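Engineer: Provided below: target-v6.txt, containing compact mmCIF, C-alpha atoms.
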```
# COMPACT_ATOMS: atom_id res chain seq x y z
CA MET A 41 -34.91 5.37 -4.71
CA ASN A 42 -34.40 2.25 -2.60
CA ALA A 43 -34.94 1.97 1.16
CA ILE A 44 -31.28 2.53 1.97
CA ALA A 45 -31.14 5.76 -0.04
CA GLN A 46 -34.38 6.96 1.55
CA THR A 47 -32.90 6.41 4.99
CA LEU A 48 -29.56 8.07 4.27
CA THR A 49 -30.69 11.02 2.13
CA PRO A 50 -31.79 13.13 5.15
CA ILE A 51 -28.29 12.59 6.58
CA VAL A 52 -26.01 13.33 3.61
CA GLY A 53 -28.33 14.88 1.01
CA ASP A 54 -29.32 13.77 -2.50
CA SER A 55 -26.07 14.87 -4.13
CA ASN A 56 -23.94 12.53 -2.02
CA ILE A 57 -25.81 9.28 -2.67
CA TYR A 58 -25.41 7.17 -5.81
CA GLN A 59 -27.09 3.95 -6.89
CA GLY A 60 -27.72 2.03 -10.10
CA ASP A 61 -27.16 4.16 -13.18
CA THR A 62 -26.17 7.19 -11.11
CA LEU A 63 -23.02 5.48 -9.82
CA PRO A 64 -19.94 7.24 -11.21
CA PRO A 65 -18.43 5.07 -14.00
CA LEU A 66 -15.11 4.76 -12.18
CA TRP A 67 -16.83 3.44 -9.06
CA GLN A 68 -18.92 1.03 -11.12
CA GLU A 69 -15.80 -0.36 -12.76
CA ARG A 70 -13.89 -0.74 -9.51
CA LEU A 71 -16.78 -2.34 -7.65
CA LYS A 72 -17.38 -4.80 -10.49
CA ARG A 73 -13.71 -5.69 -10.41
CA ALA A 74 -13.75 -6.07 -6.62
CA TYR A 75 -16.73 -8.42 -6.55
CA GLY A 76 -16.64 -10.04 -9.96
CA VAL A 77 -20.23 -9.09 -10.80
CA ASP A 78 -21.79 -7.37 -13.80
CA THR A 79 -24.37 -5.31 -11.90
CA ILE A 80 -23.71 -3.18 -8.83
CA THR A 81 -26.61 -3.10 -6.39
CA SER A 82 -24.73 -1.37 -3.57
CA THR A 83 -25.56 2.21 -2.63
CA LEU A 84 -22.56 4.57 -2.66
CA VAL A 85 -22.59 7.20 0.10
CA CYS A 86 -20.10 10.08 0.33
CA PRO A 87 -20.46 11.93 3.67
CA THR A 88 -19.08 15.45 3.82
CA THR A 89 -18.57 15.61 7.58
CA ILE A 90 -17.48 13.17 10.26
CA PRO A 91 -20.81 13.48 12.15
CA GLN A 92 -22.57 12.48 8.91
CA LEU A 93 -20.29 9.46 8.61
CA CYS A 94 -21.10 8.47 12.19
CA GLN A 95 -24.84 8.71 11.49
CA VAL A 96 -24.52 6.67 8.30
CA MET A 97 -22.65 3.92 10.14
CA GLU A 98 -25.14 4.06 13.01
CA SER A 99 -27.97 3.50 10.49
CA ALA A 100 -26.07 0.61 8.95
CA ASN A 101 -25.70 -0.96 12.38
CA THR A 102 -29.39 -0.48 13.16
CA HIS A 103 -30.50 -2.04 9.87
CA ASN A 104 -27.70 -4.65 9.72
CA TRP A 105 -26.42 -3.31 6.40
CA GLN A 106 -23.03 -4.62 5.39
CA VAL A 107 -20.57 -1.86 4.52
CA LEU A 108 -17.48 -1.51 2.37
CA PRO A 109 -15.31 1.48 3.39
CA GLY A 110 -13.19 3.20 0.74
CA GLY A 111 -11.46 6.43 -0.16
CA ASN A 112 -11.30 6.97 -3.92
CA GLY A 113 -11.83 3.26 -4.57
CA SER A 114 -8.54 2.54 -6.37
CA LYS A 115 -7.73 -0.43 -4.09
CA LEU A 116 -11.19 -1.93 -3.64
CA ALA A 117 -10.12 -4.94 -5.71
CA TRP A 118 -7.12 -5.71 -3.50
CA ALA A 119 -6.94 -8.97 -1.58
CA GLY A 120 -9.97 -11.15 -0.88
CA VAL A 121 -13.09 -11.31 -3.03
CA GLY A 122 -15.79 -10.35 -0.55
CA LYS A 123 -19.49 -10.63 -1.13
CA PRO A 124 -21.37 -7.56 -2.41
CA VAL A 125 -22.41 -5.23 0.38
CA ASN A 126 -25.44 -3.02 0.93
CA VAL A 127 -23.56 0.26 1.32
CA VAL A 128 -20.23 1.54 0.06
CA ILE A 129 -18.98 4.46 2.17
CA SER A 130 -16.42 6.74 0.53
CA THR A 131 -14.39 9.23 2.57
CA GLN A 132 -13.39 11.19 -0.56
CA ASN A 133 -15.28 14.28 0.65
CA LEU A 134 -13.49 14.24 4.02
CA ASN A 135 -10.51 15.96 2.45
CA GLN A 136 -9.39 18.75 4.77
CA VAL A 137 -5.91 19.28 6.17
CA ILE A 138 -6.59 20.03 9.84
CA ASP A 139 -3.20 21.10 11.16
CA HIS A 140 0.37 21.24 9.92
CA ALA A 141 2.60 21.71 12.96
CA VAL A 142 5.77 22.74 11.16
CA GLY A 143 7.89 22.99 14.31
CA ASP A 144 6.78 19.58 15.55
CA LEU A 145 7.14 17.94 12.13
CA THR A 146 3.58 16.56 12.20
CA VAL A 147 0.47 16.89 10.07
CA THR A 148 -3.14 16.08 10.88
CA ALA A 149 -5.60 15.55 8.05
CA GLN A 150 -8.88 13.87 7.24
CA ALA A 151 -8.78 10.37 5.77
CA GLY A 152 -9.99 11.43 2.32
CA VAL A 153 -7.04 13.76 1.68
CA LYS A 154 -5.04 12.50 -1.30
CA LEU A 155 -1.31 12.13 -0.76
CA ALA A 156 -0.78 13.88 -4.10
CA ASP A 157 -2.56 16.95 -2.70
CA LEU A 158 -0.84 16.84 0.70
CA GLN A 159 2.78 16.62 -0.43
CA PRO A 160 2.84 20.03 -2.21
CA ILE A 161 1.50 21.66 0.96
CA LEU A 162 4.24 20.06 3.04
CA LEU A 163 6.97 20.88 0.50
CA LYS A 164 6.28 24.58 0.95
CA THR A 165 7.91 24.22 4.39
CA ASN A 166 10.63 21.85 3.13
CA GLN A 167 8.94 18.82 4.71
CA PHE A 168 7.41 15.65 3.28
CA LEU A 169 5.66 12.41 4.16
CA PRO A 170 7.90 9.52 2.97
CA LEU A 171 5.22 7.28 1.48
CA GLU A 172 5.10 5.94 -2.08
CA PRO A 173 1.78 4.12 -2.42
CA ALA A 174 0.25 2.49 -5.45
CA TYR A 175 -1.73 4.87 -7.68
CA PRO A 176 -0.27 7.97 -5.96
CA GLU A 177 -2.54 10.42 -7.80
CA SER A 178 -5.69 8.92 -6.26
CA ALA A 179 -4.44 7.24 -3.05
CA THR A 180 -6.00 8.72 0.10
CA LEU A 181 -4.42 8.74 3.54
CA GLY A 182 -7.12 6.43 4.90
CA GLY A 183 -6.64 3.97 2.07
CA ILE A 184 -2.87 3.99 2.47
CA ILE A 185 -3.22 3.11 6.15
CA SER A 186 -5.91 0.48 5.57
CA THR A 187 -3.73 -1.35 3.05
CA ALA A 188 -0.38 -0.65 4.78
CA ASP A 189 0.91 0.65 1.46
CA SER A 190 4.28 2.39 1.87
CA GLY A 191 7.06 1.99 -0.73
CA SER A 192 10.82 2.13 -1.24
CA TRP A 193 11.44 4.82 1.39
CA ARG A 194 10.74 2.25 4.12
CA GLN A 195 14.48 1.42 4.01
CA ARG A 196 15.13 4.69 5.87
CA TYR A 197 11.80 5.78 7.34
CA GLY A 198 9.94 2.54 8.07
CA GLY A 199 6.44 1.51 7.07
CA VAL A 200 3.09 3.27 7.39
CA ARG A 201 2.56 2.33 11.02
CA ASP A 202 5.98 3.74 11.96
CA MET A 203 4.89 7.21 10.78
CA LEU A 204 1.38 7.14 12.23
CA LEU A 205 1.05 9.10 15.47
CA GLY A 206 -2.72 9.32 15.89
CA VAL A 207 -5.93 8.14 14.30
CA SER A 208 -9.67 8.68 14.65
CA PHE A 209 -12.14 6.14 13.31
CA VAL A 210 -15.83 5.31 13.31
CA ARG A 211 -16.70 2.00 14.91
CA SER A 212 -19.23 -0.43 13.47
CA ASP A 213 -21.90 0.99 15.83
CA GLY A 214 -21.36 4.54 14.58
CA GLN A 215 -19.38 5.79 17.57
CA LEU A 216 -16.22 7.83 17.06
CA ALA A 217 -13.04 6.52 18.66
CA LYS A 218 -9.51 7.92 18.87
CA ALA A 219 -6.03 6.58 19.51
CA GLY A 220 -2.64 8.25 19.80
CA GLY A 221 -2.32 12.00 19.48
CA ARG A 222 -0.81 14.89 17.54
CA VAL A 223 2.69 14.91 19.01
CA VAL A 224 5.66 12.64 18.47
CA LYS A 225 6.22 11.95 22.19
CA ASN A 226 2.89 10.30 22.80
CA VAL A 227 2.49 7.26 25.04
CA ALA A 228 -0.83 5.49 24.83
CA GLY A 229 -2.15 2.15 25.95
CA TYR A 230 -3.40 -0.35 23.39
CA ASP A 231 -1.87 0.48 20.01
CA LEU A 232 -4.98 0.78 17.84
CA MET A 233 -2.99 2.59 15.16
CA LYS A 234 -0.94 -0.51 14.37
CA LEU A 235 -4.09 -2.63 14.56
CA LEU A 236 -5.91 -0.50 11.96
CA THR A 237 -2.88 -0.41 9.65
CA GLY A 238 -3.36 -3.11 7.04
CA ALA A 239 -6.80 -4.13 8.35
CA TYR A 240 -8.51 -3.38 5.00
CA GLY A 241 -11.41 -1.58 6.68
CA THR A 242 -12.53 -4.62 8.68
CA LEU A 243 -12.25 -2.94 12.10
CA GLY A 244 -13.48 0.61 11.50
CA ILE A 245 -13.65 3.53 9.07
CA ILE A 246 -10.69 5.88 9.45
CA THR A 247 -11.70 9.54 9.59
CA GLU A 248 -8.64 11.54 10.69
CA VAL A 249 -4.92 10.79 10.93
CA THR A 250 -1.74 12.36 12.28
CA PHE A 251 1.61 11.54 10.68
CA ARG A 252 5.16 12.40 11.62
CA LEU A 253 7.01 14.28 8.87
CA TYR A 254 10.62 14.55 7.77
CA PRO A 255 12.71 17.39 6.32
CA VAL A 256 13.53 17.34 2.62
CA GLN A 257 17.22 16.61 2.13
CA GLU A 258 19.58 18.94 0.31
CA ALA A 259 20.70 16.51 -2.39
CA SER A 260 19.75 13.17 -3.87
CA GLY A 261 21.43 10.56 -6.05
CA THR A 262 20.66 6.99 -7.09
CA VAL A 263 23.15 4.28 -7.92
CA VAL A 264 21.93 1.49 -10.22
CA LEU A 265 24.00 -1.70 -10.37
CA THR A 266 23.09 -4.51 -12.76
CA GLY A 267 24.57 -7.87 -13.67
CA ASP A 268 25.15 -11.31 -12.17
CA ALA A 269 22.78 -12.32 -9.36
CA ASP A 270 25.57 -13.54 -7.04
CA ALA A 271 27.46 -10.28 -7.48
CA VAL A 272 24.29 -8.30 -6.75
CA ALA A 273 23.74 -10.38 -3.60
CA SER A 274 27.32 -9.75 -2.43
CA THR A 275 27.05 -6.03 -3.09
CA THR A 276 23.75 -5.86 -1.20
CA GLN A 277 25.26 -7.68 1.77
CA THR A 278 28.21 -5.29 1.79
CA LEU A 279 25.88 -2.29 1.57
CA LEU A 280 23.68 -3.37 4.47
CA ALA A 281 26.69 -4.17 6.66
CA SER A 282 28.39 -0.85 5.91
CA ALA A 283 28.08 2.61 7.42
CA LEU A 284 26.30 3.89 4.30
CA THR A 285 22.82 5.31 4.93
CA PRO A 286 20.57 4.84 1.89
CA THR A 287 16.98 6.08 2.00
CA ALA A 288 15.96 3.36 -0.47
CA ALA A 289 17.58 0.09 -1.53
CA ASP A 290 15.60 -2.13 -3.90
CA LEU A 291 16.54 -5.39 -5.58
CA LEU A 292 15.04 -5.78 -9.06
CA SER A 293 14.30 -8.91 -11.08
CA SER A 294 15.94 -9.19 -14.49
CA GLY A 295 12.52 -8.73 -16.08
CA LEU A 296 12.05 -5.41 -14.29
CA VAL A 297 15.60 -4.28 -15.15
CA LYS A 298 14.85 -4.96 -18.80
CA GLN A 299 11.48 -3.19 -18.63
CA LEU A 300 13.11 -0.10 -17.11
CA ASP A 301 15.90 -0.27 -19.72
CA ILE A 302 18.62 0.24 -17.11
CA GLY A 303 20.90 -2.70 -17.93
CA GLN A 304 20.97 -6.48 -18.08
CA GLY A 305 20.68 -9.13 -15.41
CA MET A 306 19.50 -8.52 -11.88
CA GLY A 307 19.49 -5.01 -10.47
CA LEU A 308 20.13 -3.06 -7.28
CA MET A 309 18.75 0.50 -7.01
CA VAL A 310 20.11 2.49 -4.08
CA ARG A 311 19.14 6.06 -3.26
CA PHE A 312 21.17 8.42 -1.08
CA GLN A 313 19.64 11.66 0.21
CA SER A 314 21.64 13.99 2.44
CA VAL A 315 23.97 16.97 2.04
CA THR A 316 25.61 17.13 -1.38
CA LYS A 317 29.06 15.96 -0.32
CA SER A 318 27.66 12.97 1.57
CA VAL A 319 25.56 11.86 -1.41
CA GLN A 320 28.58 12.11 -3.71
CA GLU A 321 30.84 10.19 -1.34
CA GLN A 322 28.35 7.41 -0.61
CA SER A 323 27.45 7.00 -4.26
CA SER A 324 31.12 6.72 -5.24
CA ARG A 325 31.76 4.08 -2.59
CA LEU A 326 28.87 1.91 -3.72
CA LEU A 327 29.79 2.25 -7.40
CA GLU A 328 33.31 1.14 -6.52
CA VAL A 329 32.05 -1.94 -4.66
CA GLY A 330 29.82 -2.89 -7.58
CA GLN A 331 32.55 -2.43 -10.15
CA GLN A 332 34.95 -4.60 -8.13
CA LEU A 333 32.38 -7.39 -8.39
CA GLY A 334 31.89 -6.92 -12.13
CA LEU A 335 28.58 -5.07 -12.02
CA GLN A 336 27.60 -2.32 -14.44
CA GLY A 337 27.09 0.90 -12.50
CA THR A 338 25.25 4.14 -13.30
CA LEU A 339 24.60 7.23 -11.19
CA TYR A 340 21.24 8.96 -11.71
CA GLN A 341 20.67 12.55 -10.58
CA ASP A 342 18.22 15.42 -10.98
CA ASN A 343 15.44 14.82 -13.54
CA ASP A 344 16.80 11.43 -14.61
CA GLU A 345 16.66 10.20 -11.02
CA ALA A 346 13.14 11.54 -10.44
CA SER A 347 11.96 9.89 -13.65
CA LEU A 348 13.53 6.57 -12.64
CA TRP A 349 11.83 6.46 -9.25
CA GLN A 350 8.53 7.46 -10.80
CA SER A 351 8.68 4.72 -13.41
CA LEU A 352 9.63 1.96 -10.94
CA PRO A 353 6.25 1.71 -9.15
CA GLU A 354 4.41 2.39 -12.39
CA GLN A 355 5.89 -0.78 -13.86
CA ILE A 356 4.64 -2.78 -10.87
CA TRP A 357 1.18 -1.29 -10.47
CA GLY A 358 0.10 -0.20 -13.92
CA MET A 359 -3.46 1.14 -13.79
CA PRO A 360 -6.16 0.21 -11.24
CA GLN A 361 -8.20 -1.40 -14.03
CA SER A 362 -5.27 -3.51 -15.23
CA THR A 363 -5.75 -7.26 -15.79
CA SER A 364 -2.30 -8.00 -14.35
CA ILE A 365 -1.70 -10.06 -11.24
CA THR A 366 0.03 -8.03 -8.52
CA CYS A 367 1.28 -9.70 -5.34
CA LYS A 368 2.85 -8.54 -2.11
CA ILE A 369 5.67 -10.82 -1.02
CA GLY A 370 8.03 -11.17 1.89
CA VAL A 371 11.08 -13.28 2.69
CA VAL A 372 14.05 -12.98 5.03
CA PRO A 373 16.33 -10.34 3.46
CA THR A 374 19.12 -12.86 2.86
CA ALA A 375 16.80 -14.80 0.52
CA ALA A 376 15.74 -11.77 -1.55
CA VAL A 377 18.07 -12.32 -4.53
CA MET A 378 17.26 -16.03 -4.60
CA THR A 379 13.54 -15.21 -4.59
CA LEU A 380 13.88 -12.90 -7.60
CA THR A 381 15.92 -15.58 -9.36
CA VAL A 382 13.10 -18.07 -8.77
CA LEU A 383 10.63 -15.52 -10.15
CA ASP A 384 12.74 -15.06 -13.28
CA THR A 385 12.97 -18.83 -13.74
CA LEU A 386 9.27 -19.58 -13.21
CA THR A 387 8.14 -16.79 -15.56
CA SER A 388 10.94 -17.03 -18.14
CA GLY A 389 11.89 -13.47 -17.29
CA THR A 390 8.43 -11.99 -17.89
CA GLY A 391 7.63 -11.49 -14.21
CA LEU A 392 8.42 -8.08 -12.70
CA GLY A 393 9.61 -8.12 -9.11
CA LEU A 394 11.23 -5.84 -6.56
CA ILE A 395 12.22 -6.51 -2.97
CA HIS A 396 13.32 -3.90 -0.44
CA ALA A 397 16.80 -5.08 0.52
CA GLY A 398 16.62 -4.13 4.18
CA THR A 399 13.28 -5.75 5.01
CA GLY A 400 12.71 -8.52 2.48
CA LEU A 401 9.28 -7.10 1.62
CA GLY A 402 8.36 -6.48 -1.98
CA LYS A 403 5.95 -6.67 -4.89
CA MET A 404 5.72 -8.66 -8.08
CA ARG A 405 3.63 -8.31 -11.20
CA LEU A 406 2.62 -11.20 -13.45
CA GLU A 407 0.57 -11.40 -16.61
CA PRO A 408 -2.28 -13.95 -16.56
CA GLU A 409 -1.72 -14.70 -20.25
CA THR A 410 1.68 -16.22 -19.47
CA VAL A 411 1.36 -17.24 -15.80
CA LYS A 412 -0.93 -19.88 -14.38
CA PRO A 413 -2.19 -20.03 -10.77
CA GLU A 414 0.21 -22.94 -10.24
CA THR A 415 3.10 -20.53 -10.75
CA ILE A 416 1.78 -18.28 -8.00
CA LEU A 417 1.48 -21.25 -5.66
CA LYS A 418 5.08 -22.25 -6.40
CA MET A 419 6.24 -18.73 -5.63
CA ARG A 420 4.21 -18.78 -2.40
CA GLU A 421 5.76 -22.10 -1.40
CA HIS A 422 9.21 -20.65 -1.97
CA CYS A 423 8.42 -17.51 0.08
CA GLN A 424 6.98 -19.53 2.96
CA SER A 425 10.02 -21.80 2.98
CA HIS A 426 12.09 -18.67 3.66
CA SER A 427 9.97 -17.41 6.56
CA GLY A 428 7.84 -15.28 4.29
CA PHE A 429 4.49 -14.97 2.53
CA LEU A 430 2.78 -14.17 -0.74
CA THR A 431 -0.52 -12.28 -0.88
CA VAL A 432 -2.38 -11.73 -4.14
CA LEU A 433 -3.51 -8.10 -4.14
CA GLU A 434 -4.92 -7.57 -7.61
CA ALA A 435 -5.91 -10.21 -10.14
CA PRO A 436 -8.81 -11.14 -12.39
CA ILE A 437 -11.63 -12.72 -10.42
CA SER A 438 -11.15 -15.98 -12.33
CA VAL A 439 -7.61 -16.20 -10.96
CA LYS A 440 -8.59 -15.32 -7.38
CA GLN A 441 -11.29 -17.98 -7.39
CA GLN A 442 -8.68 -20.65 -8.07
CA LEU A 443 -6.54 -20.00 -5.01
CA ASP A 444 -6.48 -18.56 -1.50
CA VAL A 445 -5.35 -15.00 -2.14
CA TRP A 446 -3.98 -14.58 1.40
CA GLY A 447 -2.35 -17.99 1.79
CA TYR A 448 -1.95 -17.34 5.50
CA SER A 449 -0.02 -20.08 7.30
CA GLY A 450 0.50 -18.47 10.71
CA ASN A 451 -1.12 -19.28 14.03
CA ALA A 452 -2.95 -16.02 14.78
CA LEU A 453 -6.27 -16.66 13.04
CA ASP A 454 -8.17 -17.24 16.28
CA ILE A 455 -6.82 -14.01 17.74
CA MET A 456 -7.71 -12.09 14.57
CA ARG A 457 -11.25 -13.45 14.63
CA GLN A 458 -11.62 -12.47 18.30
CA ILE A 459 -10.42 -8.94 17.56
CA LYS A 460 -12.82 -8.69 14.62
CA HIS A 461 -15.71 -9.81 16.84
CA LYS A 462 -14.80 -7.23 19.51
CA PHE A 463 -14.69 -4.38 17.00
CA ASP A 464 -17.46 -5.56 14.67
CA PRO A 465 -19.70 -8.19 16.33
CA LYS A 466 -22.25 -8.13 13.48
CA ASN A 467 -19.57 -8.52 10.78
CA LEU A 468 -20.77 -5.40 8.96
CA LEU A 469 -17.43 -3.95 7.82
CA SER A 470 -15.68 -5.34 4.73
CA PRO A 471 -17.11 -8.83 5.26
CA ASN A 472 -15.09 -11.82 4.05
CA ARG A 473 -12.28 -9.79 2.50
CA PHE A 474 -9.55 -10.41 5.06
CA VAL A 475 -7.40 -13.36 6.12
CA GLY A 476 -9.35 -16.53 6.91
CA ASP A 477 -12.53 -15.12 5.33
CA ILE A 478 -12.79 -12.54 8.14
```
I need this file expressed as structure tokens, please.

Structural biologist:
Amino acid sequence: MNAIAQTLTPIVGDSNIYQGDTLPPLWQERLKRAYGVDTITSTLVCPTTIPQLCQVMESANTHNWQVLPGGNGSKLAWAGVGKPVNVVISTQNLNQVIDHAVGDLTVTAQAGVKLADLQPILLKTNQFLPLEPAYPESATLGGIISTADSGSWRQRYGGVRDMLLGVSFVRSDGQLAKAGGRVVKNVAGYDLMKLLTGAYGTLGIITEVTFRLYPVQEASGTVVLTGDADAVASTTQTLLASALTPTAADLLSSGLVKQLDIGQGMGLMVRFQSVTKSVQEQSSRLLEVGQQLGLQGTLYQDNDEASLWQSLPEQIWGMPQSTSITCKIGVVPTAAVMTLTVLDTLTSGTGLGLIHAGTGLGKMRLEPETVKPETILKMREHCQSHSGFLTVLEAPISVKQQLDVWGYSGNALDIMRQIKHKFDPKNLLSPNRFVGDI
């Protein structure tokens, strides 16, 4: 037992500390992928209570141990390649649902609760949390917030930070801090919730969260339109300017359309969820618009629709141990179709891409066997020329070492570094994983 384990064992107990050969195989694999090393020397600690987590972080601060926070570890390899840390802290044992206020449409739960476990609880009261993160079976609430990982429902419900009402987190010195509250009408000062969203664990370790919920709609239907890129662009423009109210509207590259076996050419997937008559009427209107522009249209319902929306993110994310290159992209919405066309051209149709029509945010998946880092840089240049960005989330270490995975070109680096120093003056939390080597 090393010195770190000896220090932390009295806090969390023998059964919640892992090191060397005792590290669970899944954690070994994900840590090796995150750091590009063959041997993991970090100590994995899994506190079972929030006071334990505070004590562990307090010890880390006292001994200047660098810490990598995580939930189930499925996204440890996202974004920057940091340097190996002394301690990996998992919140997987902090997995209790604290309060489901059905009348207020809110839920409060610990950060280690998996979304896959929470949704069935909420569905019992005809409510749900409209998030569709990567690896939904293992994604924890804390991890979803830390990576700002939402999904196609953001067309109607917004991103992660729009649903977050309150958060508790452990600071780098081991102190517990809170922001927001448990009610929708909450006015607070400095918005720490938005600051922690997408911070990749660099500012604190999330322990408890409160989300706003939404009622499950009576009916659902999805219109898929495929064909010529210009016709898809025109249909999308008409949709967004109309009175139609889709809950999801995604533009798909021709490679993704082919992979899903839903047609030929570029695609537009639009989901309507409301009362039955409204879904039927809105679906019919969109199909009519698409057909007038020469697009092939199909309406998916019931099990076929559920299967389609399940397979869409699966095509982008694959498995956490995949060797694929997955990127988060963003452009102004008017450039979305052009961006997917560029992706198809640069990858000869092998690249898989989707962009949320209303926001211009999206994901793309490339295979390193057919795509060189130069291709990624060309895609980034295109995105930046249309007021956007390209961030490499997952990729083999050899690929990440050849480029700046964040590619940040904004002017807020100094502010971000100042915020990091205020929250974590010793640079203990997730060192060197964020923008600008923060």

Engineer: If I take CA of Met404 in chain A and CA of Gly120 in chain A, how far is one from the other in Å, to one decimal?

Structural biologist: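 Between these atoms lies a distance of 17.4 Å.
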
Engineer: Could you pull the residues within 12 Å of Gly476 in chain A, counting all atoms listed in the file, minus those fewer than 4 positions along the same chain, as a PyMOL selection string?

Structural biologist: chain A and resi 119-122+444-457+460+471-472

Engineer: Report, in Å to a single decimal, how far apart CA of Gly402 in chain A and CA of Lys418 in chain A are.

Structural biologist: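 Pair CA of Lys418 in chain A / CA of Gly402 in chain A returns 16.7 Å.
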
Engineer: Just the number, please: distance in Å from CA of Asp301 in chain A to CA of Thr363 in chain A, one decimal.

Structural biologist: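 Atom-to-atom, CA of Asp301 in chain A to CA of Thr363 in chain A, that is 23.1 Å.
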
Engineer: Calculated over all atoms listed in the file, which of the candidates A:Ser178, A:Gln304, A:Ser212, A:Ser293 has the smallest distance to Gly389 in chain A?

Structural biologist: A:Ser293

Engineer: Smallest atom-to-atom distance to Leu158 in chain A: which of A:Gln257, A:Gln136, A:Gln355, A:Thr62, using all atoms listed in the file?

Structural biologist: A:Gln136

Engineer: Find, counting all atoms listed in the file, the residue in A:Thr366, A:Thr262, A:Gln195, A:Ser294 that gets nearest to Thr338 in chain A.

Structural biologist: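 Smallest distance to Thr338 in chain A is found for A:Thr262.
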
Engineer: Hey, what's within 12 Å of Pro465 in chain A if we count only C-alpha atoms and toss same-chain stuff fewer than 4 positions away? As a PyMOL selection string, please?

Structural biologist: chain A and resi 101+104+106+211-213+242-244+457-461+469+471+478

Engineer: So which residues are close to (-0.9, -13.2, -15.9), meaning at most 10 Å away in the file's coordinates with only C-alpha atoms counted, and can you show them as a VMD selection string?

Structural biologist: chain A and resid 363 to 366 387 390 to 391 405 to 413 415 to 416 435 to 436 439

Engineer: Which residue, A:Cys367, A:Ile51, A:Ile245, A:Leu162, has the smallest gap to Lys403 in chain A when you use only C-alpha atoms?

Structural biologist: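 Among the listed residues, A:Cys367 lies closest to Lys403 in chain A.
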
Engineer: When distances are computed from only C-alpha atoms, which of A:Thr266, A:Glu69, A:Ile437, A:Leu300 shows the smallest separation from Ser347 in chain A?

Structural biologist: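 The answer is A:Leu300, which sits nearest to Ser347 in chain A.
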
Engineer: Once you count all atoms listed in the file, which residues end up no further than 12 Å from (3.8, 2.5, 8.4) in the file's frame, shown as number ranges by chain?

Structural biologist: A: 169-173, 181, 184-205, 233-238, 250-252

Engineer: Of the candidates A:Leu352, A:Ala239, A:Val263, A:Met306, which one gets nearest to Leu339 in chain A if we count only C-alpha atoms?

Structural biologist: A:Val263
